[in-house]
>>> print(open('coords_36.cif').read())   # mmCIF, C-alpha atoms
data_my_file
loop_
_atom_site.label_atom_id
_atom_site.label_comp_id
_atom_site.auth_asym_id
_atom_site.auth_seq_id
_atom_site.Cartn_x
_atom_site.Cartn_y
_atom_site.Cartn_z
CA MET A 1 0.00 0.00 0.00
CA VAL A 2 1.39 3.38 -0.98
CA PRO A 3 1.46 5.76 2.01
CA PRO A 4 -0.58 8.91 1.55
CA GLU A 5 1.24 12.12 0.82
CA PRO A 6 0.42 15.19 2.88
CA SER A 7 -1.33 17.94 1.03
CA VAL A 8 0.37 21.29 0.59
CA PRO A 9 -1.45 24.08 2.44
CA SER A 10 -3.21 26.45 0.14
CA PRO A 11 -1.83 29.96 -0.13
CA SER A 12 -5.32 31.21 0.39
CA ALA A 13 -5.63 29.64 3.81
CA GLY A 14 -6.99 31.86 6.56
CA SER A 15 -4.96 34.47 8.31
CA ALA A 16 -2.09 32.46 9.80
CA ARG A 17 -0.16 33.69 12.80
CA PRO A 18 3.37 32.33 12.58
CA VAL A 19 4.10 32.65 16.29
CA ARG A 20 1.18 32.07 18.62
CA LEU A 21 1.35 32.37 22.40
CA GLY A 22 1.53 28.91 23.89
CA PRO A 23 1.91 28.25 27.63
CA ARG A 24 5.71 28.12 27.52
CA SER A 25 5.84 31.25 25.40
CA VAL A 26 3.61 33.10 27.86
CA ALA A 27 5.71 31.90 30.80
CA ALA A 28 8.93 32.97 29.08
CA LEU A 29 7.53 36.38 28.15
CA VAL A 30 6.23 36.99 31.68
CA LEU A 31 9.60 35.97 33.13
CA ILE A 32 11.67 38.14 30.81
CA SER A 33 9.30 41.08 31.27
CA ALA A 34 9.41 40.82 35.06
CA ILE A 35 13.20 40.60 35.09
CA GLY A 36 13.40 43.43 32.57
CA VAL A 37 11.23 45.68 34.75
CA ALA A 38 13.43 44.81 37.74
CA PHE A 39 16.61 45.67 35.84
CA PHE A 40 15.17 48.94 34.60
CA GLY A 41 13.85 50.01 37.99
CA TRP A 42 16.08 48.53 40.71
CA PRO A 43 18.33 51.64 41.05
CA LEU A 44 15.28 53.61 42.19
CA LEU A 45 14.99 51.30 45.20
CA ALA A 46 18.71 50.88 45.98
CA ALA A 47 20.27 52.26 49.14
CA GLU A 48 22.37 55.40 48.99
CA ARG A 49 25.65 53.56 49.54
CA SER A 50 24.75 50.54 47.46
CA GLY A 51 27.91 49.05 45.97
CA VAL A 52 26.13 48.28 42.73
CA VAL A 53 24.92 51.85 42.29
CA ALA A 54 28.33 53.22 43.22
CA HIS A 55 30.09 51.08 40.63
CA ALA A 56 28.43 51.98 37.36
CA GLU A 57 31.22 50.12 35.54
CA ASP A 58 29.74 46.86 36.85
CA ALA A 59 26.46 47.52 35.06
CA PRO A 60 27.40 45.87 31.73
CA TRP A 61 27.93 42.55 33.49
CA LEU A 62 24.48 42.79 35.03
CA PHE A 63 22.90 43.83 31.76
CA ALA A 64 24.49 40.89 29.95
CA LEU A 65 22.38 38.53 32.07
CA LEU A 66 19.37 39.60 30.03
CA LEU A 67 20.72 38.13 26.80
CA PRO A 68 20.27 34.44 27.72
CA LEU A 69 16.73 35.26 28.81
CA LEU A 70 15.95 36.70 25.38
CA VAL A 71 17.28 33.47 23.86
CA ALA A 72 14.98 31.57 26.24
CA VAL A 73 11.96 33.41 24.79
CA VAL A 74 12.94 32.29 21.29
CA VAL A 75 13.49 28.68 22.43
CA ALA A 76 10.14 28.58 24.26
CA THR A 77 8.34 29.99 21.22
CA ILE A 78 9.92 27.39 18.95
CA ALA A 79 8.98 24.63 21.41
CA ASP A 80 5.35 25.81 21.52
CA THR A 81 4.83 26.40 17.82
CA GLY A 82 7.35 24.22 16.02
CA LEU A 83 8.56 27.12 13.91
CA GLY A 84 9.57 25.91 10.48
CA PRO A 85 12.08 27.32 8.03
CA LYS A 86 9.52 29.69 6.50
CA ALA A 87 8.87 31.39 9.84
CA VAL A 88 12.57 31.65 10.61
CA ALA A 89 13.20 33.03 7.14
CA MET A 90 10.46 35.65 7.52
CA LEU A 91 11.83 36.63 10.92
CA GLY A 92 15.27 37.06 9.38
CA VAL A 93 13.98 39.11 6.45
CA LEU A 94 11.90 41.45 8.58
CA ALA A 95 14.70 41.86 11.13
CA ALA A 96 17.15 42.67 8.33
CA VAL A 97 14.76 45.21 6.79
CA GLY A 98 14.13 46.82 10.18
CA ALA A 99 17.85 46.95 10.97
CA ALA A 100 18.55 48.55 7.59
CA MET A 101 15.84 51.16 8.16
CA ARG A 102 17.21 52.30 11.52
CA PRO A 103 20.20 54.29 10.16
CA LEU A 104 18.05 56.04 7.53
CA GLY A 105 17.11 58.79 9.94
CA ALA A 106 20.74 59.04 11.07
CA GLY A 107 19.43 59.75 14.57
CA THR A 108 18.27 63.20 13.50
CA ALA A 109 15.54 64.60 15.78
CA GLY A 110 14.53 61.06 16.74
CA LEU A 111 13.52 60.13 13.17
CA GLU A 112 13.67 56.34 13.20
CA PRO A 113 11.54 54.73 10.47
CA MET A 114 12.08 51.20 11.81
CA PHE A 115 9.43 51.88 14.49
CA PHE A 116 6.76 52.10 11.79
CA LEU A 117 7.65 48.64 10.46
CA MET A 118 7.69 47.15 13.97
CA VAL A 119 4.16 48.40 14.66
CA LEU A 120 2.77 46.85 11.46
CA ALA A 121 4.70 43.58 11.79
CA GLY A 122 3.60 43.14 15.39
CA ARG A 123 -0.01 43.78 14.37
CA VAL A 124 -0.01 41.18 11.60
CA LEU A 125 2.17 38.51 13.14
CA GLY A 126 0.99 38.54 16.74
CA PRO A 127 2.50 39.33 20.14
CA GLY A 128 4.87 36.35 20.44
CA PHE A 129 6.42 36.80 17.04
CA GLY A 130 6.39 40.55 17.64
CA PHE A 131 8.50 40.33 20.79
CA VAL A 132 11.07 38.09 19.12
CA LEU A 133 11.12 40.25 16.00
CA GLY A 134 11.55 43.50 17.93
CA SER A 135 14.41 42.13 20.02
CA VAL A 136 16.22 40.52 17.08
CA THR A 137 15.81 43.65 14.95
CA MET A 138 17.33 45.86 17.62
CA PHE A 139 20.21 43.41 18.09
CA ALA A 140 20.88 43.32 14.34
CA SER A 141 20.70 47.10 14.03
CA ALA A 142 23.15 47.51 16.92
CA LEU A 143 25.62 45.28 15.10
CA LEU A 144 25.02 47.18 11.86
CA THR A 145 25.47 50.64 13.33
CA GLY A 146 28.14 49.83 15.90
CA GLY A 147 25.74 50.58 18.75
CA VAL A 148 26.82 47.65 20.92
CA GLY A 149 27.11 48.55 24.58
CA PRO A 150 25.53 48.08 28.02
CA TRP A 151 22.38 49.74 26.72
CA MET A 152 21.80 47.16 23.97
CA PRO A 153 19.93 44.51 26.03
CA PHE A 154 17.65 47.25 27.35
CA GLN A 155 16.96 48.43 23.81
CA MET A 156 16.16 44.87 22.82
CA LEU A 157 13.72 44.51 25.71
CA ALA A 158 12.07 47.86 25.05
CA MET A 159 11.69 47.19 21.33
CA GLY A 160 10.33 43.72 22.08
CA TRP A 161 7.67 45.25 24.32
CA PHE A 162 6.97 47.94 21.70
CA THR A 163 6.35 45.36 18.95
CA MET A 164 4.51 42.90 21.21
CA GLY A 165 2.08 45.64 22.22
CA ALA A 166 1.02 46.08 18.60
CA GLY A 167 0.18 42.38 18.47
CA LEU A 168 -2.01 42.70 21.57
CA LEU A 169 -4.22 45.43 20.09
CA PRO A 170 -7.90 44.45 19.64
CA GLY A 171 -9.68 43.60 16.42
CA ALA A 172 -6.87 41.60 14.79
CA GLU A 173 -9.35 39.44 12.84
CA ARG A 174 -11.99 41.97 11.83
CA LEU A 175 -10.70 45.53 12.00
CA ARG A 176 -9.41 46.74 8.64
CA GLY A 177 -9.05 49.87 6.56
CA ARG A 178 -8.90 53.41 7.86
CA ALA A 179 -10.02 52.50 11.38
CA GLU A 180 -7.17 50.04 11.77
CA ALA A 181 -4.63 52.53 10.40
CA LEU A 182 -5.81 55.18 12.86
CA MET A 183 -5.59 52.75 15.77
CA LEU A 184 -2.06 51.69 14.80
CA ALA A 185 -1.01 55.31 14.33
CA ALA A 186 -2.30 56.19 17.80
CA TYR A 187 -0.51 53.21 19.30
CA GLY A 188 2.67 54.06 17.42
CA ALA A 189 2.65 57.60 18.81
CA PHE A 190 2.05 56.42 22.37
CA ALA A 191 4.63 53.63 22.13
CA ALA A 192 7.24 55.96 20.64
CA PHE A 193 7.05 58.15 23.76
CA ALA A 194 6.91 55.09 26.02
CA TYR A 195 10.02 53.60 24.40
CA GLY A 196 11.95 56.83 24.87
CA THR A 197 10.81 57.16 28.49
CA VAL A 198 11.80 53.60 29.37
CA MET A 199 15.22 53.97 27.77
CA ASN A 200 15.71 57.28 29.59
CA LEU A 201 15.19 55.45 32.87
CA GLN A 202 18.07 53.14 32.02
CA GLY A 203 20.42 55.97 31.08
CA TRP A 204 19.36 58.38 33.82
CA THR A 205 20.12 56.00 36.69
CA ILE A 206 23.48 54.92 35.35
CA VAL A 207 25.00 58.40 35.40
CA PRO A 208 23.97 59.84 38.79
CA GLY A 209 25.45 62.84 40.52
CA MET A 210 25.21 65.46 37.77
CA ALA A 211 24.65 68.11 40.46
CA THR A 212 21.41 69.38 38.93
CA GLY A 213 17.83 69.42 40.12
CA ILE A 214 16.94 66.60 37.71
CA SER A 215 19.79 64.23 38.61
CA PHE A 216 19.22 60.75 39.98
CA GLN A 217 19.97 60.64 43.70
CA PRO A 218 20.62 57.10 45.01
CA GLY A 219 18.83 56.42 48.27
CA ASP A 220 16.31 59.27 47.95
CA PRO A 221 12.59 58.43 48.33
CA LEU A 222 11.07 56.86 45.25
CA GLY A 223 8.57 59.70 44.77
CA ASP A 224 11.30 62.35 44.80
CA ASN A 225 13.38 60.49 42.24
CA LEU A 226 10.36 59.95 39.99
CA VAL A 227 9.63 63.70 40.02
CA ARG A 228 13.25 64.36 39.00
CA PHE A 229 13.04 61.66 36.34
CA PHE A 230 9.99 63.09 34.59
CA ALA A 231 11.54 66.54 34.75
CA TYR A 232 14.66 65.03 33.16
CA VAL A 233 12.56 63.45 30.38
CA ALA A 234 10.77 66.73 29.67
CA ALA A 235 14.01 68.69 29.60
CA THR A 236 16.17 66.34 27.56
CA SER A 237 14.27 63.95 25.30
CA LEU A 238 10.67 65.03 24.83
CA GLY A 239 11.47 66.70 21.52
CA TRP A 240 13.41 63.65 20.35
CA ASP A 241 10.51 61.34 21.19
CA LEU A 242 8.10 63.71 19.45
CA GLY A 243 10.04 63.37 16.20
CA ARG A 244 9.91 59.58 16.46
CA ALA A 245 6.17 59.65 17.18
CA VAL A 246 5.33 62.03 14.32
CA LEU A 247 7.30 60.01 11.76
CA THR A 248 5.67 56.78 12.95
CA VAL A 249 2.19 58.29 12.63
CA VAL A 250 2.84 59.74 9.18
CA LEU A 251 4.28 56.51 7.78
CA THR A 252 1.52 54.41 9.35
CA LEU A 253 -1.25 56.52 7.84
CA THR A 254 0.33 56.83 4.39
CA ALA A 255 2.19 53.58 3.69
CA GLY A 256 0.59 51.49 6.43
CA PRO A 257 -2.38 50.01 4.50
CA ALA A 258 -0.16 48.81 1.65
CA VAL A 259 2.45 47.33 3.99
CA LEU A 260 -0.24 45.60 6.08
CA LYS A 261 -1.67 44.02 2.95
CA LEU A 262 1.79 42.85 1.89
CA LEU A 263 2.58 41.36 5.29
CA ARG A 264 -0.78 39.58 5.48
CA ARG A 265 -0.34 38.14 2.01
CA ALA A 266 3.13 36.86 2.90
CA THR A 267 1.79 35.33 6.12
CA ARG A 268 -1.05 33.53 4.32
CA ARG A 269 1.32 32.17 1.69
CA ALA A 270 3.73 30.93 4.31
CA ALA A 271 0.95 29.24 6.38
CA PHE A 272 3.40 28.76 9.22
CA GLU A 273 1.07 27.01 11.63
CA ALA A 274 -0.57 24.62 9.17
CA ARG A 275 -0.77 21.16 10.70
CA ILE A 276 -1.24 18.02 8.63
CA THR A 277 -3.61 15.25 9.69
CA PHE A 278 -4.49 12.00 7.97
CA ASP A 279 -8.00 10.57 7.68
CA ALA A 280 -8.67 6.89 7.80
CA PRO A 281 -10.07 5.25 4.61
CA GLY A 282 -13.66 6.24 4.07
CA ASP A 283 -13.53 9.14 6.53
CA GLY A 284 -12.98 11.86 3.96
CA PRO A 285 -15.22 14.84 3.42
CA PRO A 286 -18.87 14.40 2.48
CA GLY A 287 -19.38 13.34 -1.11
CA GLU A 288 -16.27 11.18 -1.44
CA PRO A 289 -16.56 7.44 -2.02
CA PRO A 290 -16.70 5.50 1.28
CA HIS A 291 -13.58 3.46 0.45
CA SER A 292 -11.40 6.21 -0.95
CA PRO A 293 -7.70 6.04 -0.03
CA PRO A 294 -6.44 8.00 2.97
CA ARG A 295 -6.02 11.71 2.39
CA ALA A 296 -4.29 14.47 4.27
CA TYR A 297 -6.05 17.65 5.33
CA GLU A 298 -4.83 20.88 6.84
CA ALA A 299 -6.04 21.15 10.40
CA SER A 300 -7.41 24.48 11.51
CA SER A 301 -4.93 26.50 13.50
#
>>> encode(input="coords_36.cif", output="structure tokens")
Amino acid sequence: MVPPEPSVPSPSAGSARPVRLGPRSVAALVLISAIGVAFFGWPLLAAERSGVVAHAEDAPWLFALLLPLLVAVVVATIADTGLGPKAVAMLGVLAAVGAAMRPLGAGTAGLEPMFFLMVLAGRVLGPGFGFVLGSVTMFASALLTGGVGPWMPFQMLAMGWFTMGAGLLPGAERLRGRAEALMLAAYGAFAAFAYGTVMNLQGWTIVPGMATGISFQPGDPLGDNLVRFFAYVAATSLGWDLGRAVLTVVLTLTAGPAVLKLLRRATRRAAFEARITFDAPGDGPPGEPPHSPPRAYEASS
């Protein structure tokens, strides 16, 4: 008897999501997010004479601990979804495109077009794939631009959260057209400011003692330091974040619909999560002969 051959998923299959959130993926994302929040915020709770705060040169060793955790997110996602070569290839292509887009603004006034692509990719491909894509893109862009340093793992975390948030927005299956573009533009603007604020927290606490009213003061009450921090953000980076937000909104509203359509078409053609099942003889779809040979069908994802 000749064994049945699995059928090839149709390119017109429903809207596939290459990286879904399985239990291990959720656990890994919760763990990395909790540790990331702790790493971003622990200096605010440290004692005045804390040895860690006093030795800023030790920070890169602490930051490097985040890298294996990012790898753990990728491993957990692969274990949950069984990512195939098509998904890995799409991740690589999008990460390469995002990394190549980052230097286009040359850091001028916060103009970083890669944020626009991350919003759309996270929306189409879901939160799990979005987190991995955002982190990998930031890592690749750091290598491309020579921006490797103690800040890099924090940028990877922040960009992962940025992209994952787009995948968590409502209406992924039904919202389309102008309404979707407006929602993504609003999220892009908010997330652009949030990304800048989070990264400011990392930089602000690592260079304390600037002898100004907005400097980080180790050991001071949390409320006092937060007041100084938001004053620091308003005085130093608000304009930079505004440029990033405006560019993200403009690109999302103008080029967004076309890019969304392209990404969704590529996702359907890839059909990353298609699973193959075999029916026993005679158990095929209605209308087939009762003793037809076994056939393979694509299970719904």
>>> closest_atom_pairs(input="coords_36.cif", of="stretch 154-269 of chain A", to="stretch 132-139 of chain A", cutoff="10 Å", atoms="all atoms listed in the file", output="CSV")
residue,atom,partner,partner_atom,distance
A:Phe154,CA,A:Ser135,CA,9.5
A:Gln155,CA,A:Met138,CA,6.7
A:Met156,CA,A:Ser135,CA,4.3
A:Leu157,CA,A:Ser135,CA,6.2
A:Ala158,CA,A:Ser135,CA,8.0
A:Met159,CA,A:Gly134,CA,5.0
A:Gly160,CA,A:Gly134,CA,4.3
A:Trp161,CA,A:Gly134,CA,7.7
A:Phe162,CA,A:Gly134,CA,7.4
A:Thr163,CA,A:Gly134,CA,5.6
A:Met164,CA,A:Gly134,CA,7.8
>>> atom_distance(input="coords_36.cif", atom1="atom CA of A:Val250", atom2="atom CA of A:Met152")
27.1 Å
>>> resolve_selection(input="coords_36.cif", expression="the PyMOL selection byres ((chain A and resi 124) around 9)", output="compact mmCIF listing (two decimals) with C-alpha atoms, in the coordinates of the input")
# COMPACT_ATOMS: atom_id res chain seq x y z
CA SER A 15 -4.96 34.47 8.31
CA ARG A 17 -0.16 33.69 12.80
CA VAL A 119 4.16 48.40 14.66
CA LEU A 120 2.77 46.85 11.46
CA ALA A 121 4.70 43.58 11.79
CA GLY A 122 3.60 43.14 15.39
CA ARG A 123 -0.01 43.78 14.37
CA LEU A 125 2.17 38.51 13.14
CA GLY A 126 0.99 38.54 16.74
CA GLY A 130 6.39 40.55 17.64
CA ALA A 166 1.02 46.08 18.60
CA GLY A 167 0.18 42.38 18.47
CA ALA A 172 -6.87 41.60 14.79
CA LEU A 260 -0.24 45.60 6.08
CA LEU A 263 2.58 41.36 5.29
CA ARG A 264 -0.78 39.58 5.48
CA THR A 267 1.79 35.33 6.12
>>> resolve_selection(input="coords_36.cif", expression="the PyMOL selection byres ((chain A and resi 28-45) around 9)", output="PyMOL selection string")
chain A and resi 23-27+46-47+52-53+62-63+66+69-70+72-74+76-77+128+131+154+157-158+161+198-199+201-202+205-206+216-222+225-226
>>> write_last_selection(input="coords_36.cif", atoms="C-alpha atoms", output="PDB file, in the coordinates of the input")
ATOM      1  CA  PRO A  23       1.910  28.250  27.630  1.00  0.00           C
ATOM      2  CA  ARG A  24       5.710  28.120  27.520  1.00  0.00           C
ATOM      3  CA  SER A  25       5.840  31.250  25.400  1.00  0.00           C
ATOM      4  CA  VAL A  26       3.610  33.100  27.860  1.00  0.00           C
ATOM      5  CA  ALA A  27       5.710  31.900  30.800  1.00  0.00           C
ATOM      6  CA  ALA A  46      18.710  50.880  45.980  1.00  0.00           C
ATOM      7  CA  ALA A  47      20.270  52.260  49.140  1.00  0.00           C
ATOM      8  CA  VAL A  52      26.130  48.280  42.730  1.00  0.00           C
ATOM      9  CA  VAL A  53      24.920  51.850  42.290  1.00  0.00           C
ATOM     10  CA  LEU A  62      24.480  42.790  35.030  1.00  0.00           C
ATOM     11  CA  PHE A  63      22.900  43.830  31.760  1.00  0.00           C
ATOM     12  CA  LEU A  66      19.370  39.600  30.030  1.00  0.00           C
ATOM     13  CA  LEU A  69      16.730  35.260  28.810  1.00  0.00           C
ATOM     14  CA  LEU A  70      15.950  36.700  25.380  1.00  0.00           C
ATOM     15  CA  ALA A  72      14.980  31.570  26.240  1.00  0.00           C
ATOM     16  CA  VAL A  73      11.960  33.410  24.790  1.00  0.00           C
ATOM     17  CA  VAL A  74      12.940  32.290  21.290  1.00  0.00           C
ATOM     18  CA  ALA A  76      10.140  28.580  24.260  1.00  0.00           C
ATOM     19  CA  THR A  77       8.340  29.990  21.220  1.00  0.00           C
ATOM     20  CA  GLY A 128       4.870  36.350  20.440  1.00  0.00           C
ATOM     21  CA  PHE A 131       8.500  40.330  20.790  1.00  0.00           C
ATOM     22  CA  PHE A 154      17.650  47.250  27.350  1.00  0.00           C
ATOM     23  CA  LEU A 157      13.720  44.510  25.710  1.00  0.00           C
ATOM     24  CA  ALA A 158      12.070  47.860  25.050  1.00  0.00           C
ATOM     25  CA  TRP A 161       7.670  45.250  24.320  1.00  0.00           C
ATOM     26  CA  VAL A 198      11.800  53.600  29.370  1.00  0.00           C
ATOM     27  CA  MET A 199      15.220  53.970  27.770  1.00  0.00           C
ATOM     28  CA  LEU A 201      15.190  55.450  32.870  1.00  0.00           C
ATOM     29  CA  GLN A 202      18.070  53.140  32.020  1.00  0.00           C
ATOM     30  CA  THR A 205      20.120  56.000  36.690  1.00  0.00           C
ATOM     31  CA  ILE A 206      23.480  54.920  35.350  1.00  0.00           C
ATOM     32  CA  PHE A 216      19.220  60.750  39.980  1.00  0.00           C
ATOM     33  CA  GLN A 217      19.970  60.640  43.700  1.00  0.00           C
ATOM     34  CA  PRO A 218      20.620  57.100  45.010  1.00  0.00           C
ATOM     35  CA  GLY A 219      18.830  56.420  48.270  1.00  0.00           C
ATOM     36  CA  ASP A 220      16.310  59.270  47.950  1.00  0.00           C
ATOM     37  CA  PRO A 221      12.590  58.430  48.330  1.00  0.00           C
ATOM     38  CA  LEU A 222      11.070  56.860  45.250  1.00  0.00           C
ATOM     39  CA  ASN A 225      13.380  60.490  42.240  1.00  0.00           C
ATOM     40  CA  LEU A 226      10.360  59.950  39.990  1.00  0.00           C
TER      41      LEU A 226
END
>>> resolve_selection(input="coords_36.cif", expression="the PyMOL selection byres ((chain A and resi 257) around 9)", output="ChimeraX atom specification")
/A:176-178,180-181,252-256,258-262
>>> write_last_selection(input="coords_36.cif", atoms="C-alpha atoms", output="tab-separated table (two decimals), in the coordinates of the input")
chain	number	residue	atom	x	y	z
A	176	ARG	CA	-9.41	46.74	8.64
A	177	GLY	CA	-9.05	49.87	6.56
A	178	ARG	CA	-8.90	53.41	7.86
A	180	GLU	CA	-7.17	50.04	11.77
A	181	ALA	CA	-4.63	52.53	10.40
A	252	THR	CA	1.52	54.41	9.35
A	253	LEU	CA	-1.25	56.52	7.84
A	254	THR	CA	0.33	56.83	4.39
A	255	ALA	CA	2.19	53.58	3.69
A	256	GLY	CA	0.59	51.49	6.43
A	258	ALA	CA	-0.16	48.81	1.65
A	259	VAL	CA	2.45	47.33	3.99
A	260	LEU	CA	-0.24	45.60	6.08
A	261	LYS	CA	-1.67	44.02	2.95
A	262	LEU	CA	1.79	42.85	1.89
>>> atom_distance(input="coords_36.cif", atom1="atom CA of A:Ala189", atom2="atom CA of A:Ser215")
27.0 Å
>>> closest_residue(input="coords_36.cif", among="A:Trp151, A:Asp80, A:Phe129, A:Thr145", to="A:Met101", atoms="only C-alpha atoms")
A:Thr145
>>> atom_distance(input="coords_36.cif", atom1="atom CA of A:Pro103", atom2="atom CA of A:Val71")
25.1 Å
>>> closest_residue(input="coords_36.cif", among="A:Val227, A:Ala64, A:Ala140, A:Ala79", to="A:Val93", atoms="all atoms listed in the file")
A:Ala140
>>> closest_residue(input="coords_36.cif", among="A:Leu111, A:Ala186, A:Ala142, A:Leu67", to="A:Ala95", atoms="all atoms listed in the file")
A:Ala142
>>> closest_residue(input="coords_36.cif", among="A:Pro113, A:Gly165, A:Gly196, A:Gly171", to="A:Leu242", atoms="all atoms listed in the file")
A:Gly196
>>> residues_around(input="coords_36.cif", residues="A:Thr236", least_positions_apart="5", cutoff="12 Å", atoms="all atoms listed in the file", output="ChimeraX atom specification")
/A:109,196-197,200,203-204,214-215,228-231,241-242
>>> decode(input="coords_36.cif", residues="stretch 172-179 of chain A", atoms="all heavy atoms", output="PDB file, in the first residue's frame")
ATOM      1  N   ALA A 172      -7.847  42.119  15.751  1.00  0.00           N
ATOM      2  CA  ALA A 172      -6.873  41.601  14.792  1.00  0.00           C
ATOM      3  C   ALA A 172      -7.539  40.852  13.637  1.00  0.00           C
ATOM      4  O   ALA A 172      -7.013  40.826  12.526  1.00  0.00           O
ATOM      5  CB  ALA A 172      -5.875  40.683  15.501  1.00  0.00           C
ATOM      6  N   GLU A 173      -8.703  40.249  13.875  1.00  0.00           N
ATOM      7  CA  GLU A 173      -9.350  39.439  12.843  1.00  0.00           C
ATOM      8  C   GLU A 173     -10.351  40.216  12.001  1.00  0.00           C
ATOM      9  O   GLU A 173     -10.648  39.827  10.878  1.00  0.00           O
ATOM     10  CB  GLU A 173     -10.059  38.244  13.494  1.00  0.00           C
ATOM     11  CG  GLU A 173      -9.137  37.321  14.280  1.00  0.00           C
ATOM     12  CD  GLU A 173      -8.103  36.665  13.389  1.00  0.00           C
ATOM     13  OE1 GLU A 173      -8.388  36.447  12.196  1.00  0.00           O
ATOM     14  OE2 GLU A 173      -7.001  36.360  13.888  1.00  0.00           O
ATOM     15  N   ARG A 174     -10.878  41.314  12.543  1.00  0.00           N
ATOM     16  CA  ARG A 174     -11.993  41.968  11.832  1.00  0.00           C
ATOM     17  C   ARG A 174     -11.758  43.432  11.485  1.00  0.00           C
ATOM     18  O   ARG A 174     -12.348  43.949  10.539  1.00  0.00           O
ATOM     19  CB  ARG A 174     -13.272  41.857  12.673  1.00  0.00           C
ATOM     20  CG  ARG A 174     -13.162  42.537  14.032  1.00  0.00           C
ATOM     21  CD  ARG A 174     -14.418  42.311  14.875  1.00  0.00           C
ATOM     22  NE  ARG A 174     -14.343  43.003  16.156  1.00  0.00           N
ATOM     23  CZ  ARG A 174     -13.730  42.536  17.221  1.00  0.00           C
ATOM     24  NH1 ARG A 174     -13.116  41.361  17.150  1.00  0.00           N
ATOM     25  NH2 ARG A 174     -13.705  43.205  18.354  1.00  0.00           N
ATOM     26  N   LEU A 175     -10.894  44.110  12.237  1.00  0.00           N
ATOM     27  CA  LEU A 175     -10.704  45.532  12.003  1.00  0.00           C
ATOM     28  C   LEU A 175      -9.760  45.753  10.828  1.00  0.00           C
ATOM     29  O   LEU A 175      -8.633  45.256  10.822  1.00  0.00           O
ATOM     30  CB  LEU A 175     -10.136  46.202  13.257  1.00  0.00           C
ATOM     31  CG  LEU A 175     -10.062  47.726  13.247  1.00  0.00           C
ATOM     32  CD1 LEU A 175     -11.459  48.320  13.100  1.00  0.00           C
ATOM     33  CD2 LEU A 175      -9.391  48.238  14.509  1.00  0.00           C
ATOM     34  N   ARG A 176     -10.209  46.487   9.833  1.00  0.00           N
ATOM     35  CA  ARG A 176      -9.411  46.737   8.640  1.00  0.00           C
ATOM     36  C   ARG A 176      -9.640  48.176   8.171  1.00  0.00           C
ATOM     37  O   ARG A 176     -10.489  48.888   8.669  1.00  0.00           O
ATOM     38  CB  ARG A 176      -9.812  45.758   7.501  1.00  0.00           C
ATOM     39  CG  ARG A 176      -9.524  44.299   7.760  1.00  0.00           C
ATOM     40  CD  ARG A 176      -8.026  44.028   7.777  1.00  0.00           C
ATOM     41  NE  ARG A 176      -7.740  42.605   7.936  1.00  0.00           N
ATOM     42  CZ  ARG A 176      -7.587  41.995   9.101  1.00  0.00           C
ATOM     43  NH1 ARG A 176      -7.746  42.683  10.229  1.00  0.00           N
ATOM     44  NH2 ARG A 176      -7.304  40.707   9.163  1.00  0.00           N
ATOM     45  N   GLY A 177      -8.836  48.577   7.196  1.00  0.00           N
ATOM     46  CA  GLY A 177      -9.047  49.866   6.558  1.00  0.00           C
ATOM     47  C   GLY A 177      -8.587  51.037   7.398  1.00  0.00           C
ATOM     48  O   GLY A 177      -7.646  50.964   8.185  1.00  0.00           O
ATOM     49  N   ARG A 178      -9.301  52.152   7.229  1.00  0.00           N
ATOM     50  CA  ARG A 178      -8.902  53.407   7.859  1.00  0.00           C
ATOM     51  C   ARG A 178      -8.927  53.328   9.383  1.00  0.00           C
ATOM     52  O   ARG A 178      -8.062  53.888  10.061  1.00  0.00           O
ATOM     53  CB  ARG A 178      -9.839  54.515   7.378  1.00  0.00           C
ATOM     54  CG  ARG A 178      -9.387  55.923   7.768  1.00  0.00           C
ATOM     55  CD  ARG A 178      -8.135  56.305   7.029  1.00  0.00           C
ATOM     56  NE  ARG A 178      -7.729  57.683   7.305  1.00  0.00           N
ATOM     57  CZ  ARG A 178      -6.595  58.230   6.881  1.00  0.00           C
ATOM     58  NH1 ARG A 178      -5.761  57.500   6.164  1.00  0.00           N
ATOM     59  NH2 ARG A 178      -6.296  59.480   7.155  1.00  0.00           N
ATOM     60  N   ALA A 179      -9.919  52.614   9.922  1.00  0.00           N
ATOM     61  CA  ALA A 179     -10.024  52.502  11.380  1.00  0.00           C
ATOM     62  C   ALA A 179      -8.805  51.800  11.959  1.00  0.00           C
ATOM     63  O   ALA A 179      -8.270  52.212  12.997  1.00  0.00           O
ATOM     64  CB  ALA A 179     -11.300  51.755  11.757  1.00  0.00           C
TER      65      ALA A 179
END
